[in-house]
>>> print(open('query12.pdb').read())   # PDB, C-alpha atoms
ATOM      1  CA  MET A   1      11.883  14.825 154.170
ATOM      2  CA  HIS A   2      15.075  16.675 154.462
ATOM      3  CA  SER A   3      15.290  20.332 153.844
ATOM      4  CA  ASN A   4      18.175  22.599 154.412
ATOM      5  CA  VAL A   5      17.810  26.245 155.242
ATOM      6  CA  SER A   6      21.096  28.031 155.096
ATOM      7  CA  ASP A   7      23.198  30.314 153.058
ATOM      8  CA  GLY A   8      26.271  29.299 154.997
ATOM      9  CA  ALA A   9      28.735  27.097 153.203
ATOM     10  CA  ALA A  10      27.400  23.882 154.690
ATOM     11  CA  GLY A  11      30.041  21.221 154.795
ATOM     12  CA  ALA A  12      32.802  23.730 154.217
ATOM     13  CA  VAL A  13      33.903  23.484 157.821
ATOM     14  CA  LEU A  14      37.390  22.080 157.770
ATOM     15  CA  GLU A  15      38.464  19.470 160.242
ATOM     16  CA  GLU A  16      41.599  21.387 161.146
ATOM     17  CA  ASP A  17      39.613  23.685 163.444
ATOM     18  CA  VAL A  18      42.163  26.169 164.715
ATOM     19  CA  ARG A  19      40.804  26.374 168.190
ATOM     20  CA  ALA A  20      41.115  29.453 170.300
ATOM     21  CA  PRO A  21      40.252  28.021 173.699
ATOM     22  CA  LEU A  22      38.137  30.000 176.096
ATOM     23  CA  HIS A  23      39.443  31.189 179.403
ATOM     24  CA  GLN A  24      39.306  28.491 182.066
ATOM     25  CA  SER A  25      37.015  30.720 184.158
ATOM     26  CA  ALA A  26      34.496  31.340 181.341
ATOM     27  CA  ASP A  27      31.083  30.558 182.751
ATOM     28  CA  ASN A  28      28.464  32.650 180.972
ATOM     29  CA  GLY A  29      27.575  32.319 177.304
ATOM     30  CA  LEU A  30      25.643  35.145 175.660
ATOM     31  CA  LYS A  31      23.848  35.173 172.337
ATOM     32  CA  ILE A  32      23.172  37.674 169.607
ATOM     33  CA  VAL A  33      21.402  36.497 166.481
ATOM     34  CA  ILE A  34      21.888  38.007 163.032
ATOM     35  CA  VAL A  35      18.794  37.236 160.996
ATOM     36  CA  GLY A  36      18.423  37.781 157.289
ATOM     37  CA  GLY A  37      17.458  36.307 153.954
ATOM     38  CA  PHE A  38      19.607  34.222 151.678
ATOM     39  CA  GLY A  39      22.826  35.891 150.584
ATOM     40  CA  VAL A  40      22.334  39.076 152.582
ATOM     41  CA  GLY A  41      25.704  38.774 154.302
ATOM     42  CA  LYS A  42      25.033  37.163 157.691
ATOM     43  CA  THR A  43      28.048  34.886 157.500
ATOM     44  CA  THR A  44      30.167  37.761 156.251
ATOM     45  CA  MET A  45      29.204  39.858 159.244
ATOM     46  CA  VAL A  46      29.904  37.025 161.686
ATOM     47  CA  ARG A  47      33.307  36.510 160.066
ATOM     48  CA  SER A  48      34.135  40.220 160.253
ATOM     49  CA  VAL A  49      33.960  40.360 164.034
ATOM     50  CA  SER A  50      34.494  36.787 165.218
ATOM     51  CA  GLU A  51      37.667  35.666 166.972
ATOM     52  CA  ILE A  52      37.253  32.210 165.435
ATOM     53  CA  ARG A  53      36.597  31.265 161.847
ATOM     54  CA  PRO A  54      32.807  30.896 161.578
ATOM     55  CA  LEU A  55      31.632  27.362 162.253
ATOM     56  CA  ASN A  56      28.549  25.694 160.952
ATOM     57  CA  THR A  57      26.118  23.290 162.516
ATOM     58  CA  GLU A  58      22.489  22.307 162.399
ATOM     59  CA  GLU A  59      19.459  21.507 164.430
ATOM     60  CA  THR A  60      16.701  19.159 163.431
ATOM     61  CA  MET A  61      13.138  19.028 164.477
ATOM     62  CA  THR A  62      10.584  16.351 163.835
ATOM     63  CA  GLN A  63       7.050  17.563 163.582
ATOM     64  CA  ALA A  64       4.279  15.055 163.632
ATOM     65  CA  GLY A  65       1.825  15.775 160.909
ATOM     66  CA  VAL A  66       2.716  19.413 160.396
ATOM     67  CA  GLY A  67       2.063  20.390 156.820
ATOM     68  CA  VAL A  68       1.619  16.788 155.881
ATOM     69  CA  ASP A  69      -1.572  15.503 154.418
ATOM     70  CA  ASP A  70      -1.115  11.815 154.156
ATOM     71  CA  PRO A  71      -4.357   9.901 153.646
ATOM     72  CA  ALA A  72      -2.575   6.608 154.235
ATOM     73  CA  GLY A  73      -1.585   7.796 157.698
ATOM     74  CA  VAL A  74       1.873   6.338 157.320
ATOM     75  CA  GLU A  75       4.690   8.211 159.022
ATOM     76  CA  ALA A  76       2.986  11.569 158.987
ATOM     77  CA  LYS A  77       6.146  13.234 160.187
ATOM     78  CA  SER A  78       8.470  15.714 158.638
ATOM     79  CA  THR A  79      11.943  16.557 159.722
ATOM     80  CA  THR A  80      13.102  20.100 159.329
ATOM     81  CA  THR A  81      16.800  20.771 159.424
ATOM     82  CA  VAL A  82      17.964  24.283 160.003
ATOM     83  CA  ALA A  83      21.632  24.999 159.439
ATOM     84  CA  PHE A  84      23.222  28.043 160.977
ATOM     85  CA  ASP A  85      26.690  29.397 161.488
ATOM     86  CA  PHE A  86      28.273  31.144 164.384
ATOM     87  CA  GLY A  87      31.327  32.910 165.657
ATOM     88  CA  ARG A  88      32.351  34.278 169.023
ATOM     89  CA  ILE A  89      33.761  37.272 170.806
ATOM     90  CA  THR A  90      35.340  36.915 174.239
ATOM     91  CA  ILE A  91      33.939  39.658 176.462
ATOM     92  CA  ASN A  92      36.115  39.032 179.513
ATOM     93  CA  ASP A  93      37.316  36.175 181.714
ATOM     94  CA  ARG A  94      33.792  35.051 182.454
ATOM     95  CA  ASN A  95      31.545  36.164 179.605
ATOM     96  CA  VAL A  96      31.676  35.012 176.016
ATOM     97  CA  LEU A  97      29.377  36.285 173.284
ATOM     98  CA  TYR A  98      28.253  33.961 170.501
ATOM     99  CA  LEU A  99      27.018  35.461 167.253
ATOM    100  CA  PHE A 100      24.644  33.343 165.227
ATOM    101  CA  GLY A 101      23.830  33.855 161.580
ATOM    102  CA  ALA A 102      20.357  32.454 161.087
ATOM    103  CA  PRO A 103      17.966  32.221 158.172
ATOM    104  CA  GLY A 104      14.808  34.247 158.522
ATOM    105  CA  GLN A 105      12.533  31.892 156.628
ATOM    106  CA  GLU A 106       9.316  30.693 158.054
ATOM    107  CA  ARG A 107      10.266  27.202 159.191
ATOM    108  CA  PHE A 108      13.272  28.532 161.062
ATOM    109  CA  TRP A 109      10.988  30.202 163.579
ATOM    110  CA  PHE A 110       9.728  26.829 164.811
ATOM    111  CA  LEU A 111      13.204  26.416 166.252
ATOM    112  CA  TRP A 112      13.621  29.892 167.663
ATOM    113  CA  ASP A 113      12.712  28.996 171.245
ATOM    114  CA  ARG A 114      14.819  25.884 171.277
ATOM    115  CA  LEU A 115      17.893  27.602 169.878
ATOM    116  CA  PHE A 116      17.659  31.224 170.836
ATOM    117  CA  ALA A 117      15.800  31.529 174.118
ATOM    118  CA  GLY A 118      17.696  34.029 176.246
ATOM    119  CA  THR A 119      19.206  35.869 173.283
ATOM    120  CA  LEU A 120      20.241  39.408 174.197
ATOM    121  CA  GLY A 121      18.938  40.835 170.955
ATOM    122  CA  ALA A 122      18.938  40.484 167.189
ATOM    123  CA  VAL A 123      20.283  42.230 164.142
ATOM    124  CA  VAL A 124      18.047  42.081 161.078
ATOM    125  CA  LEU A 125      20.354  42.376 158.099
ATOM    126  CA  VAL A 126      18.532  43.706 155.035
ATOM    127  CA  ASP A 127      19.287  44.038 151.349
ATOM    128  CA  THR A 128      17.304  46.762 149.586
ATOM    129  CA  ARG A 129      16.968  44.529 146.543
ATOM    130  CA  ARG A 130      14.951  42.107 148.634
ATOM    131  CA  LEU A 131      13.392  44.039 151.445
ATOM    132  CA  HIS A 132      10.364  41.779 151.532
ATOM    133  CA  ASP A 133      12.657  38.988 152.821
ATOM    134  CA  SER A 134      12.896  40.956 156.055
ATOM    135  CA  TRP A 135       9.244  41.569 156.726
ATOM    136  CA  TYR A 136       8.596  38.158 158.146
ATOM    137  CA  ALA A 137      11.697  38.224 160.352
ATOM    138  CA  ILE A 138      10.772  41.619 161.772
ATOM    139  CA  ASP A 139       7.251  40.429 162.431
ATOM    140  CA  ARG A 140       8.451  37.321 164.246
ATOM    141  CA  LEU A 141      10.984  39.208 166.377
ATOM    142  CA  GLU A 142       8.261  41.603 167.423
ATOM    143  CA  ALA A 143       5.998  38.662 168.245
ATOM    144  CA  HIS A 144       8.759  37.129 170.389
ATOM    145  CA  GLY A 145       9.332  40.454 172.144
ATOM    146  CA  MET A 146      12.959  40.253 171.058
ATOM    147  CA  PRO A 147      14.736  43.628 170.861
ATOM    148  CA  PHE A 148      16.442  44.234 167.525
ATOM    149  CA  VAL A 149      18.115  46.745 165.272
ATOM    150  CA  VAL A 150      17.972  46.778 161.485
ATOM    151  CA  ALA A 151      21.184  47.039 159.483
ATOM    152  CA  HIS A 152      21.142  47.752 155.783
ATOM    153  CA  ASN A 153      24.051  45.926 154.171
ATOM    154  CA  ASP A 154      24.990  48.388 151.470
ATOM    155  CA  PHE A 155      25.959  46.529 148.329
ATOM    156  CA  GLY A 156      26.286  49.762 146.361
ATOM    157  CA  GLY A 157      23.985  50.078 143.388
ATOM    158  CA  GLU A 158      20.801  52.031 143.707
ATOM    159  CA  GLN A 159      20.886  54.361 146.667
ATOM    160  CA  HIS A 160      18.155  54.431 149.242
ATOM    161  CA  THR A 161      17.940  56.744 152.181
ATOM    162  CA  LEU A 162      17.409  55.214 155.591
ATOM    163  CA  GLU A 163      14.059  57.010 155.698
ATOM    164  CA  GLN A 164      12.971  55.236 152.524
ATOM    165  CA  ILE A 165      14.059  51.910 153.985
ATOM    166  CA  ARG A 166      12.273  52.626 157.261
ATOM    167  CA  ASP A 167       9.091  53.411 155.333
ATOM    168  CA  ALA A 168       9.394  50.346 153.132
ATOM    169  CA  LEU A 169       9.847  48.119 156.178
ATOM    170  CA  ASP A 170       7.112  49.929 158.081
ATOM    171  CA  LEU A 171       9.556  50.074 160.947
ATOM    172  CA  SER A 172       8.517  51.844 164.118
ATOM    173  CA  PRO A 173      10.524  54.986 164.934
ATOM    174  CA  HIS A 174      12.107  53.533 168.080
ATOM    175  CA  VAL A 175      13.862  50.688 166.239
ATOM    176  CA  PRO A 176      17.427  51.730 165.363
ATOM    177  CA  LEU A 177      18.244  51.533 161.648
ATOM    178  CA  LEU A 178      21.714  51.978 160.204
ATOM    179  CA  SER A 179      23.737  51.239 157.106
ATOM    180  CA  CYS A 180      26.751  48.984 157.188
ATOM    181  CA  ASP A 181      29.264  47.075 155.149
ATOM    182  CA  ALA A 182      29.193  43.536 156.532
ATOM    183  CA  ARG A 183      32.669  42.850 155.108
ATOM    184  CA  ASP A 184      34.154  45.561 157.243
ATOM    185  CA  ARG A 185      35.082  44.786 160.838
ATOM    186  CA  GLU A 186      34.650  48.344 162.086
ATOM    187  CA  SER A 187      31.289  48.713 160.371
ATOM    188  CA  SER A 188      29.982  45.369 161.661
ATOM    189  CA  LYS A 189      31.247  46.243 165.121
ATOM    190  CA  GLN A 190      29.226  49.487 164.998
ATOM    191  CA  VAL A 191      26.086  47.467 164.219
ATOM    192  CA  LEU A 192      26.614  45.318 167.316
ATOM    193  CA  ILE A 193      27.355  48.390 169.404
ATOM    194  CA  SER A 194      24.122  50.013 168.231
ATOM    195  CA  LEU A 195      22.226  46.892 169.301
ATOM    196  CA  VAL A 196      23.799  46.836 172.759
ATOM    197  CA  ARG A 197      23.170  50.578 173.194
ATOM    198  CA  HIS A 198      19.556  49.954 172.213
ATOM    199  CA  LEU A 199      19.292  47.195 174.839
ATOM    200  CA  TYR A 200      20.873  49.493 177.370
ATOM    201  CA  ALA A 201      18.324  52.205 176.602
ATOM    202  CA  LEU A 202      15.457  49.713 176.880
ATOM    203  CA  ALA A 203      16.792  48.416 180.207
ATOM    204  CA  ALA A 204      17.016  51.982 181.523
ATOM    205  CA  GLN A 205      13.371  52.573 180.586
ATOM    206  CA  GLU A 206      12.178  49.573 182.549
ATOM    207  CA  PRO A 207      10.750  50.397 185.956
ATOM    208  CA  SER A 208      13.330  49.148 188.423
ATOM    209  CA  ALA A 209      12.218  46.058 190.255
TER     210      ALA A 209
ATOM    211  CA  MET B   1      14.870  17.311 149.432
ATOM    212  CA  SER B   2      18.635  17.178 149.560
ATOM    213  CA  PRO B   3      20.553  13.920 149.478
ATOM    214  CA  LEU B   4      21.471  12.534 152.867
ATOM    215  CA  GLY B   5      25.074  12.967 153.800
ATOM    216  CA  PRO B   6      26.930  10.513 156.029
ATOM    217  CA  ASP B   7      26.292  12.707 159.057
ATOM    218  CA  ASP B   8      22.582  12.711 158.391
ATOM    219  CA  ASP B   9      22.268   8.964 158.334
ATOM    220  CA  PRO B  10      19.403   8.197 160.705
ATOM    221  CA  ASP B  11      21.029   4.898 161.655
ATOM    222  CA  ARG B  12      24.152   6.681 162.780
ATOM    223  CA  LEU B  13      22.176   9.155 164.854
ATOM    224  CA  TYR B  14      20.189   6.315 166.370
ATOM    225  CA  THR B  15      23.361   4.459 167.278
ATOM    226  CA  VAL B  16      25.081   7.496 168.708
ATOM    227  CA  THR B  17      22.213   8.283 171.031
ATOM    228  CA  GLY B  18      21.263   4.700 171.825
ATOM    229  CA  GLY B  19      17.884   5.458 170.299
ATOM    230  CA  ARG B  20      16.830   7.845 173.016
ATOM    231  CA  SER B  21      14.565  10.772 172.457
ATOM    232  CA  ARG B  22      15.779  14.306 172.406
ATOM    233  CA  ALA B  23      13.764  15.423 175.400
ATOM    234  CA  ALA B  24      16.531  14.394 177.774
ATOM    235  CA  GLY B  25      18.938  17.049 176.583
ATOM    236  CA  SER B  26      16.715  20.063 176.747
ATOM    237  CA  ARG B  27      18.511  21.441 179.794
ATOM    238  CA  PHE B  28      21.559  22.319 177.682
ATOM    239  CA  ASP B  29      21.487  25.694 176.009
ATOM    240  CA  LEU B  30      23.401  26.294 172.758
ATOM    241  CA  VAL B  31      25.873  28.376 174.730
ATOM    242  CA  THR B  32      26.043  26.270 177.894
ATOM    243  CA  LEU B  33      29.769  25.850 178.512
ATOM    244  CA  ILE B  34      30.858  22.267 179.041
ATOM    245  CA  VAL B  35      33.914  21.377 181.110
ATOM    246  CA  ALA B  36      35.427  17.889 181.199
ATOM    247  CA  GLU B  37      35.952  16.561 184.711
ATOM    248  CA  CYS B  38      37.961  13.500 183.709
ATOM    249  CA  GLU B  39      40.069  12.072 180.925
ATOM    250  CA  PRO B  40      38.544   9.695 178.393
ATOM    251  CA  ALA B  41      38.644   6.082 179.560
ATOM    252  CA  PRO B  42      39.203   2.982 177.431
ATOM    253  CA  GLY B  43      36.017   1.549 176.001
ATOM    254  CA  MET B  44      34.140   4.819 175.999
ATOM    255  CA  GLN B  45      31.910   5.685 173.057
ATOM    256  CA  SER B  46      34.007   7.644 170.546
ATOM    257  CA  GLU B  47      31.732  10.699 170.656
ATOM    258  CA  HIS B  48      32.083  10.835 174.431
ATOM    259  CA  VAL B  49      35.855  10.621 174.076
ATOM    260  CA  ARG B  50      35.838  13.488 171.616
ATOM    261  CA  ILE B  51      33.682  15.656 173.875
ATOM    262  CA  LEU B  52      35.967  15.053 176.857
ATOM    263  CA  GLU B  53      38.983  15.991 174.741
ATOM    264  CA  LEU B  54      37.383  19.147 173.367
ATOM    265  CA  ALA B  55      36.053  20.237 176.737
ATOM    266  CA  ARG B  56      39.390  20.281 178.586
ATOM    267  CA  ARG B  57      38.777  24.006 178.332
ATOM    268  CA  PRO B  58      35.216  25.327 178.617
ATOM    269  CA  THR B  59      33.504  24.690 175.278
ATOM    270  CA  ALA B  60      30.006  25.709 174.233
ATOM    271  CA  VAL B  61      27.460  23.069 173.241
ATOM    272  CA  VAL B  62      27.232  24.621 169.781
ATOM    273  CA  GLU B  63      31.000  24.380 169.293
ATOM    274  CA  LEU B  64      30.909  20.715 170.272
ATOM    275  CA  SER B  65      28.096  20.213 167.770
ATOM    276  CA  ALA B  66      30.150  21.804 164.992
ATOM    277  CA  ALA B  67      33.298  19.847 165.898
ATOM    278  CA  LEU B  68      31.458  16.519 166.088
ATOM    279  CA  ARG B  69      29.374  17.339 163.025
ATOM    280  CA  LEU B  70      26.261  16.203 164.811
ATOM    281  CA  PRO B  71      22.996  18.083 165.195
ATOM    282  CA  VAL B  72      22.683  20.048 168.415
ATOM    283  CA  SER B  73      19.875  17.806 169.665
ATOM    284  CA  VAL B  74      22.083  14.720 169.366
ATOM    285  CA  VAL B  75      24.959  16.408 171.184
ATOM    286  CA  ARG B  76      22.588  17.355 173.991
ATOM    287  CA  ILE B  77      21.733  13.692 174.488
ATOM    288  CA  LEU B  78      25.414  12.712 174.542
ATOM    289  CA  LEU B  79      26.059  15.423 177.109
ATOM    290  CA  THR B  80      23.261  14.144 179.303
ATOM    291  CA  ASP B  81      25.088  10.801 179.589
ATOM    292  CA  LEU B  82      28.316  12.501 180.564
ATOM    293  CA  LEU B  83      26.653  14.842 183.016
ATOM    294  CA  ASP B  84      24.693  12.032 184.680
ATOM    295  CA  THR B  85      27.908  10.100 185.249
ATOM    296  CA  GLY B  86      29.809  13.125 186.556
ATOM    297  CA  ARG B  87      32.281  13.215 183.681
ATOM    298  CA  ILE B  88      31.448  16.792 182.750
ATOM    299  CA  THR B  89      30.073  19.859 184.429
ATOM    300  CA  ALA B  90      27.851  22.390 182.711
ATOM    301  CA  ARG B  91      28.002  26.158 183.130
ATOM    302  CA  HIS B  92      24.600  27.398 182.055
ATOM    303  CA  PRO B  93      24.040  30.914 180.711
ATOM    304  CA  ARG B  94      22.698  33.202 183.382
ATOM    305  CA  THR B  95      20.371  35.009 180.995
ATOM    306  CA  ALA B  96      18.839  31.935 179.368
ATOM    307  CA  ALA B  97      15.732  31.400 181.382
ATOM    308  CA  ARG B  98      14.700  34.981 181.840
ATOM    309  CA  ALA B  99      12.462  36.993 179.590
ATOM    310  CA  GLU B 100      13.467  40.374 180.908
ATOM    311  CA  LEU B 101      16.314  42.478 179.616
ATOM    312  CA  PRO B 102      19.853  41.703 180.723
ATOM    313  CA  GLU B 103      21.478  43.519 183.615
ATOM    314  CA  PRO B 104      22.879  46.953 182.700
ATOM    315  CA  ASP B 105      26.234  45.939 184.207
ATOM    316  CA  LEU B 106      26.478  43.010 181.852
ATOM    317  CA  LEU B 107      25.502  45.154 178.865
ATOM    318  CA  LYS B 108      28.208  47.615 179.843
ATOM    319  CA  GLU B 109      30.795  44.824 179.840
ATOM    320  CA  VAL B 110      29.623  43.694 176.392
ATOM    321  CA  LEU B 111      29.726  47.244 175.105
ATOM    322  CA  ASP B 112      33.249  47.787 176.424
ATOM    323  CA  ALA B 113      34.455  44.584 174.799
ATOM    324  CA  LEU B 114      32.886  45.484 171.447
ATOM    325  CA  GLN B 115      34.464  48.917 171.526
ATOM    326  CA  ARG B 116      37.862  47.312 172.069
ATOM    327  CA  LEU B 117      37.471  45.068 169.012
TER     328      LEU B 117
END
>>> encode(input="query12.pdb", output="structure tokens")
Amino acid sequence: MHSNVSDGAAGAVLEEDVRAPLHQSADNGLKIVIVGGFGVGKTTMVRSVSEIRPLNTEETMTQAGVGVDDPAGVEAKSTTTVAFDFGRITINDRNVLYLFGAPGQERFWFLWDRLFAGTLGAVVLVDTRRLHDSWYAIDRLEAHGMPFVVAHNDFGGEQHTLEQIRDALDLSPHVPLLSCDARDRESSKQVLISLVRHLYALAAQEPSA
Amino acid sequence: MSPLGPDDDPDRLYTVTGGRSRAAGSRFDLVTLIVAECEPAPGMQSEHVRILELARRPTAVVELSAALRLPVSVVRILLTDLLDTGRITARHPRTAARAELPEPDLLKEVLDALQRL
């Protein structure tokens, strides 16, 4: 029962791994997750801003009896494998930010807590040709209380205003929405900056403890 | 169902982990930074050797997983062995366990770094 959920080039990771070692004093890893449907440009965005070539790995989860109806009762287990890719950005001598490109499909969310607990925030990358791919991801992020921004990866073609996209996604007014070109470093960087600014604004709203 | 690749071979995963369950490794986050505290010794399991080599500089669990081409859960089990025998130390993310928003100071540092990109 092996299923693979990824649009990353699984297996394309070369052994020659040109490693850019972290600073010896690095002691705090941070996470941002870029969620989106197949082919929306998650890997492209990670590559645009990462200081290392994006790497690929996977996590597996065995679920006893989930979605399995086996009258014989033999091995009622299924193993879900979720592949994801990642890159990184060194923040300073101590902090390093990891960017994860993750599929937004349903089974992926079983692994959210195991993989992405403590994530700073998420970017939902959307393609106007397949907006419905994003609905589920947005719903799950809201359910997890995970702050996010929505970035429309503009592939050209039919033009949509951000207002139209906001309406189509039924996105609440306080969620930042912007257009980007995931191939472009500056553009992808602006998406991440908008997320961090959003987090900053949310933190400022919180009653101080 | 996709065909099993060599890295997916259940026998290999069983051998690598000595057949232990994955529960043991749950204390390692994807971005926990691992630091080797010794050099590989003769007779060590090859995956342990590789981890100690890679982690001469701080290296995230997820990077070890990619380099070893093993699922994260398997790497976590391997790391548990090394941690329990004092061969590595683990620098856990400070934000991992908390549900609240990160410190504004930390966000400012992230923002500054992104703007410098």
>>> resolve_selection(input="query12.pdb", expression="the PyMOL selection byres ((chain A and resi 137-154) around 9)", output="PDB file with C-alpha atoms, in the coordinates of the input")
ATOM      1  CA  VAL A  35      18.794  37.236 160.996  1.00  0.00           C
ATOM      2  CA  GLY A  36      18.423  37.781 157.289  1.00  0.00           C
ATOM      3  CA  GLY A  37      17.458  36.307 153.954  1.00  0.00           C
ATOM      4  CA  VAL A  40      22.334  39.076 152.582  1.00  0.00           C
ATOM      5  CA  GLY A  41      25.704  38.774 154.302  1.00  0.00           C
ATOM      6  CA  PRO A 103      17.966  32.221 158.172  1.00  0.00           C
ATOM      7  CA  GLY A 104      14.808  34.247 158.522  1.00  0.00           C
ATOM      8  CA  GLN A 105      12.533  31.892 156.628  1.00  0.00           C
ATOM      9  CA  GLU A 106       9.316  30.693 158.054  1.00  0.00           C
ATOM     10  CA  TRP A 109      10.988  30.202 163.579  1.00  0.00           C
ATOM     11  CA  THR A 119      19.206  35.869 173.283  1.00  0.00           C
ATOM     12  CA  LEU A 120      20.241  39.408 174.197  1.00  0.00           C
ATOM     13  CA  GLY A 121      18.938  40.835 170.955  1.00  0.00           C
ATOM     14  CA  ALA A 122      18.938  40.484 167.189  1.00  0.00           C
ATOM     15  CA  VAL A 123      20.283  42.230 164.142  1.00  0.00           C
ATOM     16  CA  VAL A 124      18.047  42.081 161.078  1.00  0.00           C
ATOM     17  CA  LEU A 125      20.354  42.376 158.099  1.00  0.00           C
ATOM     18  CA  VAL A 126      18.532  43.706 155.035  1.00  0.00           C
ATOM     19  CA  ASP A 127      19.287  44.038 151.349  1.00  0.00           C
ATOM     20  CA  THR A 128      17.304  46.762 149.586  1.00  0.00           C
ATOM     21  CA  ASP A 133      12.657  38.988 152.821  1.00  0.00           C
ATOM     22  CA  SER A 134      12.896  40.956 156.055  1.00  0.00           C
ATOM     23  CA  TRP A 135       9.244  41.569 156.726  1.00  0.00           C
ATOM     24  CA  TYR A 136       8.596  38.158 158.146  1.00  0.00           C
ATOM     25  CA  PHE A 155      25.959  46.529 148.329  1.00  0.00           C
ATOM     26  CA  GLY A 156      26.286  49.762 146.361  1.00  0.00           C
ATOM     27  CA  GLY A 157      23.985  50.078 143.388  1.00  0.00           C
ATOM     28  CA  GLN A 159      20.886  54.361 146.667  1.00  0.00           C
ATOM     29  CA  LEU A 162      17.409  55.214 155.591  1.00  0.00           C
ATOM     30  CA  ILE A 165      14.059  51.910 153.985  1.00  0.00           C
ATOM     31  CA  LEU A 169       9.847  48.119 156.178  1.00  0.00           C
ATOM     32  CA  LEU A 171       9.556  50.074 160.947  1.00  0.00           C
ATOM     33  CA  VAL A 175      13.862  50.688 166.239  1.00  0.00           C
ATOM     34  CA  PRO A 176      17.427  51.730 165.363  1.00  0.00           C
ATOM     35  CA  LEU A 177      18.244  51.533 161.648  1.00  0.00           C
ATOM     36  CA  LEU A 178      21.714  51.978 160.204  1.00  0.00           C
ATOM     37  CA  SER A 179      23.737  51.239 157.106  1.00  0.00           C
ATOM     38  CA  CYS A 180      26.751  48.984 157.188  1.00  0.00           C
ATOM     39  CA  ASP A 181      29.264  47.075 155.149  1.00  0.00           C
ATOM     40  CA  ALA A 182      29.193  43.536 156.532  1.00  0.00           C
ATOM     41  CA  VAL A 191      26.086  47.467 164.219  1.00  0.00           C
ATOM     42  CA  LEU A 192      26.614  45.318 167.316  1.00  0.00           C
ATOM     43  CA  SER A 194      24.122  50.013 168.231  1.00  0.00           C
ATOM     44  CA  LEU A 195      22.226  46.892 169.301  1.00  0.00           C
ATOM     45  CA  HIS A 198      19.556  49.954 172.213  1.00  0.00           C
ATOM     46  CA  LEU A 199      19.292  47.195 174.839  1.00  0.00           C
ATOM     47  CA  LEU A 202      15.457  49.713 176.880  1.00  0.00           C
TER      48      LEU A 202
ATOM     49  CA  ALA B  99      12.462  36.993 179.590  1.00  0.00           C
ATOM     50  CA  LEU B 101      16.314  42.478 179.616  1.00  0.00           C
TER      51      LEU B 101
END
>>> residues_around(input="query12.pdb", residues="stretch 48-53 of chain A", least_positions_apart="4", cutoff="8 Å", atoms="all atoms listed in the file", output="number ranges by chain")
A: 18-20, 44, 87-90, 99, 182-185, 188-189; B: 117
>>> closest_atom_pairs(input="query12.pdb", of="chain B", to="chain A", cutoff="9 Å", atoms="all atoms listed in the file", output="Markdown table")
| residue | atom | partner | partner_atom | distance |
| --- | --- | --- | --- | --- |
| B:Met1 | CA | A:His2 | CA | 5.1 |
| B:Ser2 | CA | A:His2 | CA | 6.1 |
| B:Pro3 | CA | A:His2 | CA | 7.9 |
| B:Leu4 | CA | A:His2 | CA | 7.8 |
| B:Ser26 | CA | A:Arg114 | CA | 8.2 |
| B:Asp29 | CA | A:Leu115 | CA | 7.4 |
| B:Leu30 | CA | A:Leu115 | CA | 6.4 |
| B:Val31 | CA | A:Gly29 | CA | 5.0 |
| B:Thr32 | CA | A:Gly29 | CA | 6.3 |
| B:Leu33 | CA | A:Asp27 | CA | 6.5 |
| B:Val35 | CA | A:Gln24 | CA | 9.0 |
| B:Arg56 | CA | A:Gln24 | CA | 8.9 |
| B:Arg57 | CA | A:Gln24 | CA | 5.9 |
| B:Pro58 | CA | A:Leu22 | CA | 6.1 |
| B:Thr59 | CA | A:Leu22 | CA | 7.1 |
| B:Ala60 | CA | A:Gly29 | CA | 7.7 |
| B:Val62 | CA | A:Thr57 | CA | 7.5 |
| B:Glu63 | CA | A:Leu55 | CA | 7.7 |
| B:Ser65 | CA | A:Thr57 | CA | 6.4 |
| B:Ala66 | CA | A:Thr57 | CA | 5.0 |
| B:Ala67 | CA | A:Glu15 | CA | 7.7 |
| B:Arg69 | CA | A:Thr57 | CA | 6.8 |
| B:Leu70 | CA | A:Thr57 | CA | 7.5 |
| B:Pro71 | CA | A:Glu59 | CA | 5.0 |
| B:Val72 | CA | A:Glu59 | CA | 5.3 |
| B:Ser73 | CA | A:Glu59 | CA | 6.4 |
| B:Val74 | CA | A:Glu59 | CA | 8.8 |
| B:Ala90 | CA | A:Asp27 | CA | 8.8 |
| B:Arg91 | CA | A:Asp27 | CA | 5.4 |
| B:His92 | CA | A:Asn28 | CA | 6.6 |
| B:Pro93 | CA | A:Asn28 | CA | 4.8 |
| B:Arg94 | CA | A:Asn28 | CA | 6.3 |
| B:Thr95 | CA | A:Gly118 | CA | 5.5 |
| B:Ala96 | CA | A:Gly118 | CA | 3.9 |
| B:Ala97 | CA | A:Gly118 | CA | 6.1 |
| B:Arg98 | CA | A:Gly118 | CA | 6.4 |
| B:Ala99 | CA | A:Gly118 | CA | 6.9 |
| B:Glu100 | CA | A:Ala203 | CA | 8.7 |
| B:Leu101 | CA | A:Ala203 | CA | 6.0 |
| B:Pro102 | CA | A:Leu120 | CA | 6.9 |
| B:Glu103 | CA | A:Ala203 | CA | 7.6 |
| B:Pro104 | CA | A:Tyr200 | CA | 6.2 |
| B:Leu106 | CA | A:Asn95 | CA | 8.8 |
| B:Leu107 | CA | A:Tyr200 | CA | 6.5 |
| B:Lys108 | CA | A:Tyr200 | CA | 8.0 |
| B:Glu109 | CA | A:Ile91 | CA | 6.9 |
| B:Val110 | CA | A:Ile91 | CA | 5.9 |
| B:Leu111 | CA | A:Ile193 | CA | 6.3 |
| B:Asp112 | CA | A:Ile91 | CA | 8.2 |
| B:Ala113 | CA | A:Ile91 | CA | 5.2 |
| B:Leu114 | CA | A:Ile193 | CA | 6.6 |
| B:Gln115 | CA | A:Ile193 | CA | 7.4 |
| B:Leu117 | CA | A:Lys189 | CA | 7.4 |
>>> closest_residue(input="query12.pdb", among="B:Ile88, B:Val61, B:Val75, B:Val16", to="B:Glu37", atoms="all atoms listed in the file")
B:Ile88
